[in-house]
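Engineer: File structure08.cif below, mmCIF, C-alpha atoms:
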```cif
data_protein
#
loop_
_atom_site.group_PDB
_atom_site.id
_atom_site.type_symbol
_atom_site.label_atom_id
_atom_site.label_comp_id
_atom_site.auth_asym_id
_atom_site.auth_seq_id
_atom_site.Cartn_x
_atom_site.Cartn_y
_atom_site.Cartn_z
ATOM 1 C CA MET U 1 97.072 71.583 -4.126
ATOM 2 C CA ILE U 2 95.365 69.382 -6.710
ATOM 3 C CA TYR U 3 91.977 67.848 -5.912
ATOM 4 C CA TYR U 4 90.174 64.957 -7.575
ATOM 5 C CA TYR U 5 86.437 64.613 -7.706
ATOM 6 C CA GLN U 6 84.680 61.287 -7.232
ATOM 7 C CA GLN U 7 80.937 61.194 -6.566
ATOM 8 C CA ASP U 8 80.716 64.079 -4.087
ATOM 9 C CA ILE U 9 84.059 63.237 -2.434
ATOM 10 C CA TYR U 10 87.173 65.332 -2.981
ATOM 11 C CA TYR U 11 90.624 63.772 -2.603
ATOM 12 C CA SER U 12 93.838 65.735 -2.279
ATOM 13 C CA ALA U 13 97.091 64.799 -3.997
ATOM 14 C CA GLU U 14 98.491 64.057 -0.550
ATOM 15 C CA THR U 15 96.086 61.126 -0.032
ATOM 16 C CA SER U 16 98.435 58.227 0.583
ATOM 17 C CA ARG U 17 98.642 55.534 -2.047
ATOM 18 C CA ALA U 18 98.262 52.894 0.688
ATOM 19 C CA SER U 19 94.875 54.270 1.730
ATOM 20 C CA ILE U 20 93.747 54.267 -1.910
ATOM 21 C CA TRP U 21 94.721 50.607 -2.325
ATOM 22 C CA ARG U 22 92.999 49.612 0.944
ATOM 23 C CA SER U 23 89.704 51.005 -0.352
ATOM 24 C CA MET U 24 89.523 48.562 -3.284
ATOM 25 C CA ASN U 25 89.736 44.813 -3.676
ATOM 26 C CA GLU U 26 93.103 43.218 -4.297
ATOM 27 C CA LYS U 27 92.621 42.342 -7.975
ATOM 28 C CA ARG U 28 91.149 45.733 -8.867
ATOM 29 C CA ALA U 29 94.093 47.397 -7.140
ATOM 30 C CA ALA U 30 96.557 45.100 -8.936
ATOM 31 C CA HIS U 31 95.035 45.952 -12.328
ATOM 32 C CA ILE U 32 95.273 49.665 -11.566
ATOM 33 C CA ARG U 33 98.905 49.268 -10.459
ATOM 34 C CA MET U 34 99.638 47.458 -13.740
ATOM 35 C CA VAL U 35 98.034 50.262 -15.751
ATOM 36 C CA ILE U 36 100.178 52.753 -13.810
ATOM 37 C CA ALA U 37 103.250 50.652 -14.696
ATOM 38 C CA MET U 38 102.177 50.599 -18.350
ATOM 39 C CA THR U 39 101.964 54.403 -18.382
ATOM 40 C CA LYS U 40 105.702 54.527 -17.627
ATOM 41 C CA ALA U 41 106.342 53.234 -21.158
ATOM 42 C CA GLY U 42 104.686 56.389 -22.450
ATOM 43 C CA GLY U 43 101.693 57.266 -24.552
ATOM 44 C CA GLU U 44 103.313 56.263 -27.852
ATOM 45 C CA ASP U 45 103.877 52.684 -26.689
ATOM 46 C CA LEU U 46 100.353 52.492 -25.272
ATOM 47 C CA LEU U 47 98.992 53.624 -28.635
ATOM 48 C CA LEU U 48 101.096 51.061 -30.488
ATOM 49 C CA THR U 49 99.696 48.322 -28.224
ATOM 50 C CA LYS U 50 96.192 49.802 -27.964
ATOM 51 C CA ASP U 51 94.380 46.587 -28.884
ATOM 52 C CA LYS U 52 95.839 44.913 -25.774
ATOM 53 C CA SER U 53 96.560 47.838 -23.455
ATOM 54 C CA ALA U 54 93.077 49.387 -23.811
ATOM 55 C CA TYR U 55 91.510 45.969 -23.296
ATOM 56 C CA PHE U 56 93.582 45.519 -20.125
ATOM 57 C CA LEU U 57 91.603 48.369 -18.543
ATOM 58 C CA ARG U 58 88.575 46.052 -18.522
ATOM 59 C CA GLY U 59 90.225 43.963 -15.807
ATOM 60 C CA ILE U 60 89.746 46.839 -13.370
ATOM 61 C CA ILE U 61 85.995 46.194 -13.304
ATOM 62 C CA ASP U 62 85.938 42.402 -13.418
ATOM 63 C CA TYR U 63 86.375 41.310 -9.809
ATOM 64 C CA ALA U 64 84.193 41.000 -6.711
ATOM 65 C CA GLU U 65 85.488 41.914 -3.250
ATOM 66 C CA ASN U 66 86.344 38.231 -2.668
ATOM 67 C CA GLY U 67 88.611 38.255 -5.746
ATOM 68 C CA ARG U 68 86.275 36.113 -7.855
ATOM 69 C CA HIS U 69 85.507 37.004 -11.454
ATOM 70 C CA ALA U 70 82.202 38.876 -11.106
ATOM 71 C CA ASN U 71 81.464 40.078 -14.617
ATOM 72 C CA LEU U 72 77.953 38.757 -15.282
ATOM 73 C CA ASP U 73 78.229 35.825 -12.907
ATOM 74 C CA VAL U 74 75.019 35.397 -10.901
ATOM 75 C CA ARG U 75 77.038 34.342 -7.825
ATOM 76 C CA TRP U 76 79.092 37.545 -7.587
ATOM 77 C CA ALA U 77 77.652 40.254 -9.833
ATOM 78 C CA PRO U 78 74.659 41.165 -7.605
ATOM 79 C CA SER U 79 76.947 42.109 -4.710
ATOM 80 C CA THR U 80 79.588 43.752 -6.923
ATOM 81 C CA TYR U 81 77.791 46.000 -9.410
ATOM 82 C CA GLU U 82 75.031 48.564 -9.484
ATOM 83 C CA TYR U 83 71.888 47.651 -11.443
ATOM 84 C CA SER U 84 69.307 49.631 -13.332
ATOM 85 C CA LYS U 85 65.749 49.338 -12.012
ATOM 86 C CA ARG U 86 64.766 47.123 -14.927
ATOM 87 C CA ALA U 87 67.842 44.905 -14.573
ATOM 88 C CA SER U 88 67.461 44.613 -10.805
ATOM 89 C CA VAL U 89 64.428 42.356 -11.131
ATOM 90 C CA LEU U 90 66.625 39.874 -13.032
ATOM 91 C CA LYS U 91 69.798 40.140 -10.952
ATOM 92 C CA HIS U 92 69.310 36.838 -9.125
ATOM 93 C CA GLU U 93 68.039 34.937 -12.181
ATOM 94 C CA LYS U 94 70.764 32.638 -13.480
ATOM 95 C CA SER U 95 69.170 32.544 -16.945
ATOM 96 C CA ALA U 96 69.569 36.343 -17.287
ATOM 97 C CA TYR U 97 73.350 35.896 -17.322
ATOM 98 C CA GLN U 98 73.394 32.962 -19.758
ATOM 99 C CA GLN U 99 73.107 32.889 -23.559
ATOM 100 C CA ARG U 100 73.025 36.683 -23.619
ATOM 101 C CA SER U 101 73.367 36.852 -27.389
ATOM 102 C CA ASP U 102 69.947 35.226 -27.897
ATOM 103 C CA LYS U 103 68.112 38.146 -29.523
ATOM 104 C CA THR U 104 64.716 36.489 -29.061
ATOM 105 C CA GLN U 105 65.204 36.730 -25.281
ATOM 106 C CA SER U 106 66.865 40.158 -25.044
ATOM 107 C CA GLU U 107 64.249 41.547 -22.655
ATOM 108 C CA PHE U 108 65.284 38.850 -20.154
ATOM 109 C CA LYS U 109 69.069 39.183 -20.559
ATOM 110 C CA LEU U 110 71.577 41.395 -18.766
ATOM 111 C CA HIS U 111 74.451 43.489 -20.069
ATOM 112 C CA ALA U 112 77.457 44.904 -18.201
ATOM 113 C CA GLU U 113 77.754 48.534 -19.310
ATOM 114 C CA HIS U 114 80.786 50.732 -18.633
ATOM 115 C CA ILE U 115 79.440 53.990 -17.235
ATOM 116 C CA ILE U 116 82.127 55.732 -19.281
ATOM 117 C CA PRO U 117 83.112 53.898 -22.477
ATOM 118 C CA ASN U 118 86.451 52.130 -22.199
ATOM 119 C CA SER U 119 87.714 53.845 -25.367
ATOM 120 C CA LEU U 120 87.206 57.267 -23.738
ATOM 121 C CA ILE U 121 88.989 56.165 -20.565
ATOM 122 C CA PHE U 122 91.934 55.029 -22.682
ATOM 123 C CA LYS U 123 92.042 58.363 -24.550
ATOM 124 C CA ARG U 124 91.892 60.273 -21.255
ATOM 125 C CA LEU U 125 94.705 58.103 -19.885
ATOM 126 C CA LEU U 126 96.865 59.120 -22.864
ATOM 127 C CA VAL U 127 96.136 62.789 -22.153
ATOM 128 C CA MET U 128 97.054 62.302 -18.494
ATOM 129 C CA ILE U 129 100.384 60.752 -19.519
ATOM 130 C CA GLU U 130 101.038 63.702 -21.826
ATOM 131 C CA GLU U 131 100.170 66.106 -18.993
ATOM 132 C CA ASP U 132 102.624 64.230 -16.731
ATOM 133 C CA CYS U 133 99.941 63.460 -14.146
ATOM 134 C CA SER U 134 101.072 61.729 -10.973
ATOM 135 C CA ASP U 135 100.451 58.071 -10.204
ATOM 136 C CA GLU U 136 97.943 59.172 -7.568
ATOM 137 C CA GLU U 137 96.030 61.289 -10.088
ATOM 138 C CA ILE U 138 95.866 58.372 -12.526
ATOM 139 C CA THR U 139 94.848 55.983 -9.731
ATOM 140 C CA HIS U 140 91.972 58.242 -8.675
ATOM 141 C CA PHE U 141 90.917 58.649 -12.287
ATOM 142 C CA LEU U 142 90.874 54.894 -12.955
ATOM 143 C CA ASP U 143 89.196 54.041 -9.660
ATOM 144 C CA SER U 144 86.399 56.556 -10.175
ATOM 145 C CA SER U 145 85.908 56.075 -13.932
ATOM 146 C CA CYS U 146 86.220 52.304 -14.410
ATOM 147 C CA LYS U 147 82.805 51.208 -13.208
ATOM 148 C CA ILE U 148 80.080 48.911 -14.466
ATOM 149 C CA VAL U 149 76.330 49.196 -14.268
ATOM 150 C CA VAL U 150 74.298 46.133 -15.166
ATOM 151 C CA ILE U 151 71.418 47.003 -17.477
ATOM 152 C CA THR U 152 69.064 44.957 -19.636
ATOM 153 C CA LYS U 153 69.859 44.186 -23.254
ATOM 154 C CA GLU U 154 66.854 46.337 -24.154
ATOM 155 C CA GLU U 155 68.352 49.284 -22.246
ATOM 156 C CA MET U 156 71.648 48.656 -24.038
ATOM 157 C CA LYS U 157 69.805 49.171 -27.338
ATOM 158 C CA LEU U 158 68.629 52.578 -26.058
ATOM 159 C CA LEU U 159 72.223 53.638 -25.397
ATOM 160 C CA ASP U 160 73.761 52.182 -28.533
ATOM 161 C CA GLY U 161 70.909 52.868 -30.943
ATOM 162 C CA ALA U 162 70.722 55.469 -33.663
ATOM 163 C CA GLY U 163 68.652 57.812 -31.495
ATOM 164 C CA ALA U 164 71.182 58.204 -28.675
ATOM 165 C CA GLY U 165 74.310 56.905 -30.400
ATOM 166 C CA LEU U 166 76.187 56.658 -27.096
ATOM 167 C CA LYS U 167 77.873 53.288 -27.588
ATOM 168 C CA SER U 168 81.335 54.818 -27.435
ATOM 169 C CA SER U 169 80.684 58.418 -26.439
ATOM 170 C CA MET U 170 79.245 60.586 -23.721
ATOM 171 C CA PRO U 171 76.392 63.077 -24.257
ATOM 172 C CA ASP U 172 77.236 66.460 -25.766
ATOM 173 C CA GLY U 173 78.503 68.911 -23.180
ATOM 174 C CA TRP U 174 79.750 66.253 -20.753
ATOM 175 C CA SER U 175 83.154 66.782 -19.092
ATOM 176 C CA TRP U 176 85.441 64.548 -17.032
ATOM 177 C CA ASN U 177 84.374 66.128 -13.755
ATOM 178 C CA GLY U 178 80.703 65.762 -14.725
ATOM 179 C CA ASP U 179 78.034 63.213 -13.940
ATOM 180 C CA LEU U 180 79.439 59.693 -14.332
ATOM 181 C CA TYR U 181 75.937 58.423 -15.137
ATOM 182 C CA ALA U 182 75.271 60.989 -17.876
ATOM 183 C CA ARG U 183 74.910 58.350 -20.624
ATOM 184 C CA LEU U 184 72.327 56.424 -18.636
ATOM 185 C CA ASN U 185 70.479 59.573 -17.614
ATOM 186 C CA HIS U 186 70.449 60.772 -21.225
ATOM 187 C CA VAL U 187 68.266 57.818 -22.247
ATOM 188 C CA SER U 188 66.285 57.754 -18.963
ATOM 189 C CA ILE U 189 67.753 54.542 -17.556
ATOM 190 C CA GLU U 190 66.900 54.661 -13.879
ATOM 191 C CA MET U 191 69.153 53.133 -11.268
ATOM 192 C CA GLU U 192 67.956 50.688 -8.642
ATOM 193 C CA SER U 193 67.441 52.275 -5.226
ATOM 194 C CA VAL U 194 69.673 50.581 -2.703
#
```
Using structure tokens, write down the structure that the file contains.
Structural biologist:
Amino acid sequence: MIYYYQQDIYYSAETSRASIWRSMNEKRAAHIRMVIAMTKAGGEDLLLTKDKSAYFLRGIIDYAENGRHANLDVRWAPSTYEYSKRASVLKHEKSAYQQRSDKTQSEFKLHAEHIIPNSLIFKRLLVMIEEDCSDEEITHFLDSSCKIVVITKEEMKLLDGAGAGLKSSMPDGWSWNGDLYARLNHVSIEMESV
């Protein structure tokens, strides 16, 4: 029997697809189903359409439970995403979500950070297609790996900067069954206690 790991919970391959879909909001589930459908075309076609197909993965993280677009929207993001300690003090401030490219205000602006870079999720998806993984395996992978943490723009600089260099990678030694928050932990970004 094959087991999948997701934050201290193990799922078996026999977990019904219906119970997986019930555990997520409708739009997130629809995006995952579409990615599963795209995998049927094969890895070569996904690679040929990478600019669009890899970007499509972003839709998995974009929606609140009520189906509204949550990505950095003060109305829905606070109840949809996890926040770092530093970002949590700004989570209900409308201005923190607006004009986020204003570098003079970066300490007061928020950033939606993929806990695992989207490019790595896409590469792993290609490997899973090559390994002929089941739809359930891919669903569990996408559901557990496609997550956002809202951090400050200053914290984003810690991740992306020359010191850490983790803009599109995970820390050395990390593996797919490892700590999902390894990038954040590597640069000492603390999560808000809920």
Engineer: Which residues are near Lys91 in chain U? Cut-off 12 Å, only C-alpha atoms, ignore same chain within fewer than 5 positions. Put them as a list in words.
Structural biologist: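 With the cut-off at 12 Å, the set is Leu72, Asp73, Val74, Arg75, Trp76, Ala77, Pro78, Ser79, Thr80, Tyr81, Glu82, Tyr83, Ser84, Lys85, Arg86, Ala96, Tyr97, Gln98, Phe108, Lys109, Leu110, His111, Ala112, Val149, Val150, Ile151, Thr152 and Glu192 of chain U.
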Engineer: Counting only C-alpha atoms, figure out which residue out of U:Cys133, U:Ile60, U:Ala162, U:Ile116 gets nearest to Gly178 in chain U.
Structural biologist: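 Result for the nearest residue to Gly178 in chain U: U:Ile116.
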Engineer: Taking all atoms listed in the file into account, which of U:Lys52, U:Leu46, U:Ala64, U:Ala37 comes nearest Asn25 in chain U?
Structural biologist: U:Ala64
Engineer: Evaluate the PyMOL selection byres ((chain U and resi 35) around 10) and record the selected residues as a list in words, following the chain and residue labels used in the document.
Structural biologist: Ala29, Ala30, His31, Ile32, Arg33, Met34, Ile36, Ala37, Met38, Thr39, Lys40, Ser53, Ala54, Phe56, Leu57, Ile60, Leu125, Asp135, Ile138, Thr139 and Leu142 of chain U
Engineer: Selected by the PyMOL selection byres ((chain U and resi 115) around 12) in the shown coordinates: which residues, as a count of residues only?
Structural biologist: 41
Engineer: Pick from U:Glu154, U:Ser134, U:Ser88, U:Asn71: nearest to Thr104 in chain U, with all atoms listed in the file counted?
Structural biologist: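 When distances to Thr104 in chain U are compared using all atoms listed in the file, the smallest one comes from U:Glu154.
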Engineer: How far is it from CA of Tyr55 in chain U to CA of Gly163 in chain U, in Å with one decimal?
Structural biologist: 27.0 Å
Engineer: Could you tell me how far CA of Ser101 in chain U lies from CA of Gly67 in chain U, in Å and to one decimal?
Structural biologist: 26.5 Å
Engineer: Of the candidates U:Lys153, U:Gly161, U:Glu137, U:Asp45, which shows the shortest atom-to-atom distance to Gln99 in chain U, using all atoms listed in the file?
Structural biologist: U:Lys153
Engineer: Please put the answer as lines of an AutoDock Vina configuration file: centre and edge lengths, in Å with one decimal, of a box along x, y and z that encloses all listed atoms of range 87-106 of chain U plus 5 Å on each side.
Structural biologist:
```
center_x = 68.9
center_y = 38.7
center_z = -19.3
size_x = 19.0
size_y = 22.4
size_z = 30.4
```
Engineer: May I ask for the distance between CA of Arg58 in chain U and CA of Arg28 in chain U, given in Å to one decimal place?
Structural biologist: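 These atoms are spaced 10.0 Å apart.
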Engineer: Using all atoms listed in the file for the distances, tell me which of U:Ser193, U:His69, U:Trp176, U:Asp102 is nearest to Lys123 in chain U.
Structural biologist: U:Trp176
Engineer: My list of candidates is U:Leu90, U:Leu158, U:Ser175, U:Gly165. Which is closest to Val187 in chain U when distances are computed with only C-alpha atoms?
Structural biologist: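 Nearest to Val187 in chain U: U:Leu158.
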